[in-house]
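Peer 1: Below is data-v3.cif; it holds mmCIF, C-alpha atoms.
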```
data_data
loop_
_atom_site.label_atom_id
_atom_site.label_comp_id
_atom_site.auth_asym_id
_atom_site.auth_seq_id
_atom_site.Cartn_x
_atom_site.Cartn_y
_atom_site.Cartn_z
CA MET A 1 -39.80 31.48 -40.24
CA ASP A 2 -39.44 27.71 -39.82
CA ASN A 3 -36.63 27.64 -42.36
CA ARG A 4 -34.69 30.24 -40.34
CA TRP A 5 -34.82 28.04 -37.24
CA ASN A 6 -33.54 25.10 -39.26
CA GLU A 7 -30.58 27.15 -40.45
CA ILE A 8 -29.26 27.72 -36.89
CA PRO A 9 -26.13 25.51 -36.45
CA MET A 10 -26.44 23.03 -33.59
CA PRO A 11 -23.37 22.02 -31.55
CA THR A 12 -21.95 18.55 -32.05
CA GLU A 13 -21.67 16.00 -29.26
CA GLU A 14 -17.96 16.78 -28.90
CA GLU A 15 -18.70 20.50 -28.55
CA LYS A 16 -21.38 19.77 -25.95
CA ASP A 17 -18.99 17.61 -23.90
CA ALA A 18 -16.27 20.26 -24.13
CA ALA A 19 -18.70 22.97 -22.97
CA VAL A 20 -19.88 20.87 -20.01
CA ALA A 21 -16.28 20.08 -19.01
CA ARG A 22 -15.36 23.78 -19.22
CA ILE A 23 -18.31 24.75 -17.01
CA LEU A 24 -17.39 22.11 -14.44
CA ASP A 25 -13.73 23.18 -14.41
CA GLU A 26 -14.71 26.79 -13.81
CA GLY A 27 -17.39 26.04 -11.22
CA LEU A 28 -15.72 23.33 -9.15
CA PRO A 29 -12.53 23.85 -7.15
CA ALA A 30 -9.48 21.85 -8.18
CA ARG A 31 -9.03 18.63 -6.24
CA PRO A 32 -5.93 18.79 -4.05
CA GLY A 33 -3.07 16.40 -4.70
CA LEU A 34 -2.07 13.47 -2.54
CA TRP A 35 0.68 15.18 -0.55
CA PRO A 36 -1.30 18.34 0.31
CA VAL A 37 -4.16 16.13 1.56
CA LEU A 38 -1.84 13.98 3.67
CA GLY A 39 0.00 17.01 5.03
CA GLU A 40 -3.22 18.75 6.00
CA THR A 41 -4.49 15.56 7.64
CA LEU A 42 -1.31 15.13 9.66
CA ARG A 43 -1.45 18.75 10.84
CA ALA A 44 -5.10 18.42 11.82
CA VAL A 45 -4.84 15.06 13.57
CA GLY A 46 -1.29 14.94 14.89
CA PHE A 47 1.03 11.98 15.07
CA ARG A 48 -0.18 10.78 18.48
CA ALA A 49 -3.86 10.72 17.49
CA LEU A 50 -2.96 8.95 14.26
CA PHE A 51 -1.79 5.94 16.29
CA PHE A 52 -4.08 6.44 19.29
CA GLY A 53 -4.69 3.11 21.04
CA GLU A 54 -2.37 1.15 18.75
CA ALA A 55 0.66 0.75 21.05
CA ASP A 56 -0.09 -2.91 21.75
CA CYS A 57 -0.36 -3.63 18.02
CA LEU A 58 3.01 -2.02 17.39
CA PHE A 59 4.59 -3.97 20.24
CA LEU A 60 3.06 -7.26 19.13
CA SER A 61 4.25 -6.75 15.54
CA ALA A 62 7.79 -6.08 16.77
CA LEU A 63 7.59 -9.15 19.00
CA VAL A 64 6.52 -11.35 16.07
CA LEU A 65 9.42 -9.97 14.05
CA VAL A 66 12.00 -10.69 16.74
CA LEU A 67 10.73 -14.06 17.98
CA CYS A 68 9.42 -15.63 14.78
CA LEU A 69 10.48 -13.96 11.55
CA LEU A 70 14.12 -13.22 12.33
CA PRO A 71 14.89 -16.77 13.54
CA ALA A 72 13.22 -18.20 10.42
CA ALA A 73 15.23 -15.93 8.13
CA ALA A 74 18.43 -16.66 10.05
CA ALA A 75 17.88 -20.41 9.70
CA ALA A 76 17.31 -20.00 5.97
CA ALA A 77 20.49 -17.94 5.66
CA GLN A 78 22.57 -20.64 7.34
CA GLN A 79 21.04 -23.61 5.52
CA GLY A 80 20.93 -22.41 1.93
CA PRO A 81 20.22 -19.51 -0.44
CA VAL A 82 18.75 -16.65 1.53
CA GLY A 83 17.05 -14.97 -1.46
CA PRO A 84 13.70 -16.81 -1.47
CA ALA A 85 13.19 -16.50 2.29
CA LEU A 86 14.20 -12.84 2.26
CA PHE A 87 11.80 -12.06 -0.58
CA LEU A 88 8.97 -13.85 1.23
CA LEU A 89 9.52 -12.35 4.70
CA SER A 90 10.49 -8.77 3.79
CA PRO A 91 6.89 -7.41 3.93
CA ALA A 92 5.99 -9.38 7.07
CA LEU A 93 6.37 -6.43 9.46
CA TYR A 94 4.33 -4.14 7.20
CA ALA A 95 1.60 -6.78 6.88
CA ALA A 96 1.50 -7.41 10.63
CA LEU A 97 1.25 -3.71 11.46
CA HIS A 98 -1.50 -3.13 8.93
CA LEU A 99 -3.58 -6.17 9.86
CA LEU A 100 -3.28 -5.78 13.62
CA THR A 101 -4.13 -2.07 13.66
CA ALA A 102 -7.12 -2.62 11.36
CA TRP A 103 -8.37 -5.48 13.55
CA LYS A 104 -7.83 -3.45 16.74
CA GLU A 105 -9.77 -0.49 15.37
CA ALA A 106 -12.71 -2.63 14.39
CA GLN A 107 -12.81 -4.48 17.73
CA SER A 108 -12.27 -1.50 20.03
CA GLY A 109 -14.61 0.94 18.32
CA ALA A 110 -11.81 3.31 17.30
CA LEU A 111 -12.87 2.91 13.69
CA GLU A 112 -16.26 4.47 14.46
CA TRP A 113 -14.53 7.22 16.43
CA ARG A 114 -12.30 8.11 13.50
CA GLU A 115 -15.31 8.12 11.18
CA THR A 116 -16.68 11.10 13.11
CA CYS A 117 -13.53 13.16 12.57
CA ARG A 118 -13.63 16.08 10.19
CA VAL A 119 -10.65 14.75 8.27
CA SER A 120 -10.82 11.84 5.84
CA LEU A 121 -10.55 8.37 7.35
CA ARG A 122 -8.91 7.20 4.13
CA ALA A 123 -6.25 9.90 4.44
CA MET A 124 -5.53 8.79 8.01
CA THR A 125 -5.22 5.18 6.84
CA ALA A 126 -2.90 6.23 4.01
CA LEU A 127 -0.68 8.11 6.44
CA ARG A 128 -0.33 5.07 8.65
CA MET A 129 0.50 2.91 5.63
CA LEU A 130 3.31 5.30 4.71
CA VAL A 131 4.67 5.22 8.26
CA PHE A 132 4.50 1.41 8.31
CA GLY A 133 6.23 1.21 4.94
CA GLY A 134 8.99 3.62 5.92
CA THR A 135 9.56 1.78 9.19
CA SER A 136 9.77 -1.53 7.34
CA VAL A 137 12.37 -0.15 4.92
CA LEU A 138 14.49 1.08 7.83
CA ILE A 139 14.21 -2.28 9.58
CA CYS A 140 15.39 -4.02 6.41
CA VAL A 141 18.84 -2.43 6.76
CA PRO A 142 19.96 -4.10 10.03
CA VAL A 143 18.14 -7.30 9.10
CA ASN A 144 20.00 -7.51 5.81
CA LEU A 145 23.30 -6.93 7.58
CA LEU A 146 22.53 -9.69 10.08
CA LEU A 147 21.51 -12.18 7.39
CA TRP A 148 24.52 -11.27 5.26
CA HIS A 149 26.77 -12.04 8.23
CA LEU A 150 25.00 -15.34 8.95
CA ALA A 151 25.20 -16.34 5.28
CA GLY A 152 28.98 -15.82 5.37
CA GLY A 153 28.92 -13.03 2.82
CA THR A 154 27.92 -15.40 0.01
CA VAL A 155 25.25 -12.95 -1.20
CA SER A 156 26.05 -9.31 -1.85
CA LEU A 157 24.40 -6.70 0.33
CA SER A 158 23.09 -4.86 -2.74
CA ARG A 159 21.25 -7.97 -3.93
CA MET A 160 19.78 -8.58 -0.49
CA ALA A 161 18.60 -4.97 -0.35
CA ALA A 162 17.07 -5.31 -3.82
CA LEU A 163 15.23 -8.48 -2.82
CA SER A 164 13.87 -7.10 0.43
CA VAL A 165 12.84 -3.69 -0.93
CA SER A 166 11.23 -5.13 -4.07
CA GLY A 167 9.30 -7.66 -2.01
CA LEU A 168 8.11 -4.95 0.36
CA CYS A 169 7.04 -2.62 -2.46
CA LEU A 170 5.25 -5.38 -4.34
CA TYR A 171 3.34 -6.44 -1.25
CA GLY A 172 2.44 -2.84 -0.41
CA MET A 173 1.03 -2.34 -3.91
CA LEU A 174 -0.88 -5.64 -3.73
CA SER A 175 -2.38 -4.90 -0.31
CA LEU A 176 -3.48 -1.44 -1.40
CA TYR A 177 -5.18 -2.79 -4.53
CA CYS A 178 -6.93 -5.42 -2.43
CA LEU A 179 -8.45 -2.68 -0.25
CA ARG A 180 -10.79 -2.01 -3.17
CA LEU A 181 -12.68 -5.01 -1.83
CA ARG A 182 -14.99 -4.47 1.09
CA GLY A 183 -14.84 -6.24 4.42
CA LEU A 184 -12.49 -8.91 5.62
CA ALA A 185 -11.53 -10.01 2.11
CA GLY A 186 -9.87 -6.69 1.38
CA LEU A 187 -7.48 -7.23 4.28
CA LEU A 188 -6.75 -10.95 4.03
CA ILE A 189 -6.42 -11.60 0.29
CA ALA A 190 -3.07 -9.83 0.01
CA PRO A 191 -1.22 -11.73 2.80
CA ALA A 192 -2.80 -15.02 1.72
CA ALA A 193 -1.81 -14.54 -1.93
CA TRP A 194 1.69 -13.36 -0.99
CA ALA A 195 2.27 -16.34 1.29
CA ALA A 196 1.00 -18.78 -1.34
CA LEU A 197 3.23 -17.35 -4.07
CA GLY A 198 6.25 -16.61 -1.88
CA ILE A 199 6.43 -20.09 -0.39
CA VAL A 200 6.92 -21.64 -3.85
CA PRO A 201 10.63 -20.74 -4.26
CA VAL A 202 11.24 -21.65 -0.62
CA LEU A 203 9.93 -25.18 -1.08
CA TRP A 204 10.68 -25.74 -4.78
CA GLU A 205 14.37 -25.82 -5.66
CA ARG A 206 13.87 -25.08 -9.34
CA ALA A 207 11.89 -21.92 -8.55
CA ALA A 208 14.60 -20.91 -6.06
CA ARG A 209 17.30 -21.28 -8.73
CA TRP A 210 15.25 -19.16 -11.11
CA LEU A 211 14.81 -16.46 -8.47
CA ASN A 212 18.52 -16.48 -7.66
CA GLY A 213 19.30 -16.13 -11.37
CA VAL A 214 17.36 -12.89 -11.80
CA PRO A 215 19.80 -9.94 -12.12
CA THR A 216 19.92 -7.57 -9.17
CA VAL A 217 19.17 -4.53 -11.31
CA LEU A 218 15.82 -6.05 -12.30
CA PHE A 219 14.79 -6.24 -8.67
CA PHE A 220 15.63 -2.55 -8.22
CA LEU A 221 13.61 -1.70 -11.34
CA LEU A 222 10.77 -3.86 -10.06
CA ALA A 223 10.85 -2.02 -6.73
CA ALA A 224 10.75 1.37 -8.48
CA ALA A 225 7.82 0.32 -10.67
CA ALA A 226 5.91 -1.14 -7.71
CA LEU A 227 6.53 1.99 -5.64
CA THR A 228 5.23 4.19 -8.46
CA LEU A 229 2.06 2.11 -8.76
CA TYR A 230 1.74 2.15 -4.97
CA PHE A 231 1.61 5.95 -4.84
CA MET A 232 -0.78 6.09 -7.80
CA GLU A 233 -3.14 3.68 -6.07
CA LEU A 234 -2.69 5.54 -2.77
CA ARG A 235 -3.95 8.70 -4.45
CA ARG A 236 -6.98 6.84 -5.82
CA PHE A 237 -7.55 5.30 -2.40
CA CYS A 238 -7.69 8.73 -0.75
CA ARG A 239 -10.02 10.09 -3.44
CA ARG A 240 -12.50 7.25 -3.48
CA ARG A 241 -15.83 7.94 -1.83
CA GLU A 242 -16.02 6.49 1.65
CA GLU A 243 -19.06 4.26 1.56
CA GLY A 244 -20.57 4.45 5.00
CA GLY A 245 -17.44 6.25 6.22
CA ASN A 246 -15.29 3.11 6.20
CA ALA A 247 -11.92 2.72 4.59
CA TYR A 248 -12.20 -0.93 5.51
CA ALA A 249 -14.42 -2.90 7.80
CA LEU A 250 -14.15 -6.23 9.52
CA GLY A 251 -17.14 -8.46 9.68
#
```
The structure given in the file should be rewritten as structure tokens.
Peer 2:
Amino acid sequence: MDNRWNEIPMPTEEEKDAAVARILDEGLPARPGLWPVLGETLRAVGFRALFFGEADCLFLSALVLVLCLLPAAAAAAQQGPVGPALFLLSPALYAALHLLTAWKEAQSGALEWRETCRVSLRAMTALRMLVFGGTSVLICVPVNLLLWHLAGGTVSLSRMAALSVSGLCLYGMLSLYCLRLRGLAGLLIAPAAWAALGIVPVLWERAARWLNGVPTVLFFLLAAAALTLYFMELRRFCRRREEGGNAYALG
């Protein structure tokens, strides 16, 4: 009798893992993709509730753009190569919108209010990031035209668009990756690192010459790669478990 039991073939580790994965696939519903989750969140919350209480942050970000960033970029366009300054300042509006709204939520208690909603707080944050990014891309068009005019047409519009869009996409990807960190560090590391790296070609002539020598097509390819990584990380961001309900928190 004992010999008969020994003759029964036992499954290998690979077969066990495959059986467990098959059971889980059949028993658990498929996880929805990024766009269905964002669409359902937008329908449930609505555009007004998505930005509830953030009007002052939007106004202040626009004011910083008009009074500070545009004059700085215009001065750079008139004094020398506009590429380094444009690359550095292109994500400034996106960064200001993101930082100010996050700070306002934490200070006003809106963050706790959104944590009680039935929809995912991370999905709401991702939706706002997409709106901020799309708005920043649209703003880049008139800004590029203005700087091109001030620079006397010395730089092609296509190159200026490549510089601004690639800078914006790279910063968006960096800021989203930094949100893996908890607390204030997750919000501040990205703008601090971008400012530290972006100021180098502005202040160092050799780095500026190198940046101006990069072909325009490489900046477009860089923007496409950064945008792809941005959406991949955005999907992971929405799927990560919300520890304590927070997508971010300010200490």
Peer 1: Using the chain letters and numbers from this file, what does the PyMOL selection byres ((chain A and resi 49) around 12) select? Give the answer as a list in words.
Peer 2: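 Taken over the shown coordinates, the PyMOL selection byres ((chain A and resi 49) around 12) returns Thr41, Leu42, Arg43, Ala44, Val45, Gly46, Phe47, Arg48, Leu50, Phe51, Phe52, Gly53, Glu54, Ala55, Ala110, Trp113, Arg114, Cys117, Met124, Leu127 and Arg128 of chain A.
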Peer 1: Hey, which of A:Leu146, A:Cys68, A:Leu97, A:Val37 ends up closest to A:Val131? Count only C-alpha atoms.
Peer 2: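 Looking at the shortest contact to A:Val131, the residue is A:Leu97.
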Peer 1: What is the distance between atom CA of A:Ala75 and atom CA of A:His98, in Å to one decimal?
Peer 2: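 According to the coordinates, atom CA of A:Ala75 and atom CA of A:His98 are separated by 26.0 Å.
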Peer 1: At what distance in Å, to one decimal, does atom CA of A:Pro81 lie from atom CA of A:Val143?
Peer 2: 15.6 Å
Peer 1: Find the spatial neighbours of A:Leu34, counting only C-alpha atoms, within a cut-off of 9 Å - ignore same-chain residues fewer than 6 positions away - and output them as an NGL selection string.
Peer 2: :A and (123 or 231 or 234-236 or 238-239)
Peer 1: Contacts between stretch 173-179 of chain A and stretch 186-211 of chain A, please, where a residue of stretch 186-211 of chain A counts if it comes within 10 Å (with only C-alpha atoms); show its shortest atom pair and distance in Å to one decimal, rows by chain and ascending number, as a tab-separated table.
Peer 2:
```
residue	atom	partner	partner_atom	distance
A:Gly186	CA	A:Leu179	CA	4.6
A:Leu187	CA	A:Leu179	CA	6.5
A:Leu188	CA	A:Cys178	CA	8.5
A:Ile189	CA	A:Cys178	CA	6.8
A:Ala190	CA	A:Ser175	CA	5.0
A:Pro191	CA	A:Ser175	CA	7.6
A:Ala193	CA	A:Leu174	CA	9.1
A:Trp194	CA	A:Leu174	CA	8.6
```
Peer 1: Let me make sure I understand: among A:Asn212, A:Val137, A:Leu168, A:Leu157, which one has the smallest atom-to-atom distance to A:Ala95 if we use all atoms listed in the file?
Peer 2: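 Ranked by minimum distance to A:Ala95, first place goes to A:Leu168.
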Peer 1: Name the closest residue to A:Arg180 among the candidates A:Val64, A:Asn144, A:Arg122, A:Ser90; distances are taken between atoms, counting all atoms listed in the file.
Peer 2: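 Residue with the minimum atom-to-atom distance to A:Arg180: A:Arg122.
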Peer 1: Could you state the separation of atom CA of A:Leu163 and atom CA of A:Met129 in Å, given to one decimal place?
Peer 2: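 If I compute the distance from atom CA of A:Leu163 to atom CA of A:Met129, I get 20.4 Å.
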Peer 1: Which residue out of A:Ala76, A:Leu65, A:Leu170, A:Leu181 has the minimum interatomic distance to A:Phe237 when only C-alpha atoms are used?
Peer 2: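 Nearest to A:Phe237: A:Leu181.
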Peer 1: Go through A:Ala151, A:Val214, A:Val202, A:Cys57 and flag the residue nearest A:Ala85, using all atoms listed in the file for the distances.
Peer 2: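 Looking at the shortest contact to A:Ala85, the residue is A:Val202.
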Peer 1: Nearest to A:Ser136 among A:Gly39, A:Gly198, A:Gly153, A:Gly167, with distances taken over all atoms listed in the file: which residue is it?
Peer 2: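 Of the candidates, the smallest distance to A:Ser136 is held by A:Gly167.
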Peer 1: Please, could N, CA, C and O atoms be added to stretch 166-192 of chain A and the result written as a CSV table (one decimal), keeping the file's coordinate frame?
Peer 2:
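Written output follows (rebuild_36.csv):
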```
chain,number,residue,atom,x,y,z
A,166,SER,N,12.2,-4.8,-3.0
A,166,SER,CA,11.2,-5.1,-4.1
A,166,SER,C,10.1,-6.0,-3.5
A,166,SER,O,8.9,-5.7,-3.9
A,167,GLY,N,10.4,-6.9,-2.6
A,167,GLY,CA,9.3,-7.7,-2.0
A,167,GLY,C,8.4,-6.8,-1.2
A,167,GLY,O,7.1,-6.9,-1.3
A,168,LEU,N,8.9,-5.8,-0.4
A,168,LEU,CA,8.1,-5.0,0.4
A,168,LEU,C,7.2,-4.1,-0.5
A,168,LEU,O,6.0,-3.9,-0.2
A,169,CYS,N,7.8,-3.5,-1.6
A,169,CYS,CA,7.0,-2.6,-2.5
A,169,CYS,C,5.9,-3.4,-3.2
A,169,CYS,O,4.8,-2.9,-3.4
A,170,LEU,N,6.3,-4.6,-3.6
A,170,LEU,CA,5.2,-5.4,-4.3
A,170,LEU,C,4.1,-5.7,-3.4
A,170,LEU,O,2.9,-5.6,-3.8
A,171,TYR,N,4.4,-6.1,-2.2
A,171,TYR,CA,3.3,-6.4,-1.2
A,171,TYR,C,2.5,-5.2,-0.9
A,171,TYR,O,1.3,-5.3,-0.8
A,172,GLY,N,3.2,-4.1,-0.7
A,172,GLY,CA,2.4,-2.8,-0.4
A,172,GLY,C,1.5,-2.5,-1.5
A,172,GLY,O,0.3,-2.1,-1.3
A,173,MET,N,1.9,-2.6,-2.8
A,173,MET,CA,1.0,-2.3,-3.9
A,173,MET,C,-0.1,-3.3,-3.9
A,173,MET,O,-1.3,-2.9,-4.1
A,174,LEU,N,0.2,-4.6,-3.7
A,174,LEU,CA,-0.9,-5.6,-3.7
A,174,LEU,C,-1.9,-5.4,-2.6
A,174,LEU,O,-3.1,-5.5,-2.9
A,175,SER,N,-1.4,-5.1,-1.4
A,175,SER,CA,-2.4,-4.9,-0.3
A,175,SER,C,-3.3,-3.7,-0.5
A,175,SER,O,-4.4,-3.7,-0.2
A,176,LEU,N,-2.7,-2.6,-1.2
A,176,LEU,CA,-3.5,-1.4,-1.4
A,176,LEU,C,-4.5,-1.7,-2.5
A,176,LEU,O,-5.7,-1.2,-2.4
A,177,TYR,N,-4.2,-2.4,-3.5
A,177,TYR,CA,-5.2,-2.8,-4.5
A,177,TYR,C,-6.3,-3.7,-3.9
A,177,TYR,O,-7.5,-3.5,-4.3
A,178,CYS,N,-5.9,-4.5,-3.0
A,178,CYS,CA,-6.9,-5.4,-2.4
A,178,CYS,C,-7.9,-4.7,-1.5
A,178,CYS,O,-9.0,-5.1,-1.3
A,179,LEU,N,-7.5,-3.5,-1.1
A,179,LEU,CA,-8.4,-2.7,-0.2
A,179,LEU,C,-9.6,-2.1,-1.1
A,179,LEU,O,-10.5,-1.6,-0.5
A,180,ARG,N,-9.6,-2.3,-2.4
A,180,ARG,CA,-10.8,-2.0,-3.2
A,180,ARG,C,-12.0,-2.9,-2.8
A,180,ARG,O,-13.1,-2.6,-3.0
A,181,LEU,N,-11.6,-4.1,-2.3
A,181,LEU,CA,-12.7,-5.0,-1.8
A,181,LEU,C,-13.1,-4.6,-0.4
A,181,LEU,O,-12.4,-4.1,0.4
A,182,ARG,N,-14.4,-4.8,-0.2
A,182,ARG,CA,-15.0,-4.5,1.1
A,182,ARG,C,-14.9,-5.6,2.1
A,182,ARG,O,-14.8,-6.8,1.7
A,183,GLY,N,-14.8,-5.3,3.4
A,183,GLY,CA,-14.8,-6.2,4.4
A,183,GLY,C,-13.5,-7.0,4.6
A,183,GLY,O,-12.4,-6.5,4.3
A,184,LEU,N,-13.6,-8.1,5.2
A,184,LEU,CA,-12.5,-8.9,5.6
A,184,LEU,C,-11.6,-9.3,4.4
A,184,LEU,O,-10.4,-9.5,4.5
A,185,ALA,N,-12.3,-9.6,3.3
A,185,ALA,CA,-11.5,-10.0,2.1
A,185,ALA,C,-10.5,-9.0,1.7
A,185,ALA,O,-9.4,-9.4,1.3
A,186,GLY,N,-10.8,-7.7,1.8
A,186,GLY,CA,-9.9,-6.7,1.4
A,186,GLY,C,-8.6,-6.7,2.2
A,186,GLY,O,-7.5,-6.2,1.7
A,187,LEU,N,-8.7,-7.2,3.4
A,187,LEU,CA,-7.5,-7.2,4.3
A,187,LEU,C,-6.7,-8.5,4.2
A,187,LEU,O,-5.5,-8.6,4.3
A,188,LEU,N,-7.4,-9.6,3.9
A,188,LEU,CA,-6.8,-11.0,4.0
A,188,LEU,C,-6.3,-11.5,2.7
A,188,LEU,O,-5.4,-12.4,2.7
A,189,ILE,N,-6.8,-11.0,1.6
A,189,ILE,CA,-6.4,-11.6,0.3
A,189,ILE,C,-4.9,-11.4,0.0
A,189,ILE,O,-4.2,-12.3,-0.5
A,190,ALA,N,-4.5,-10.2,0.3
A,190,ALA,CA,-3.1,-9.8,0.0
A,190,ALA,C,-2.1,-10.7,0.8
A,190,ALA,O,-1.2,-11.3,0.2
A,191,PRO,N,-2.2,-10.8,2.1
A,191,PRO,CA,-1.2,-11.7,2.8
A,191,PRO,C,-1.4,-13.2,2.4
A,191,PRO,O,-0.4,-13.9,2.3
A,192,ALA,N,-2.6,-13.6,2.1
A,192,ALA,CA,-2.8,-15.0,1.7
A,192,ALA,C,-2.2,-15.3,0.4
A,192,ALA,O,-1.5,-16.3,0.2
```
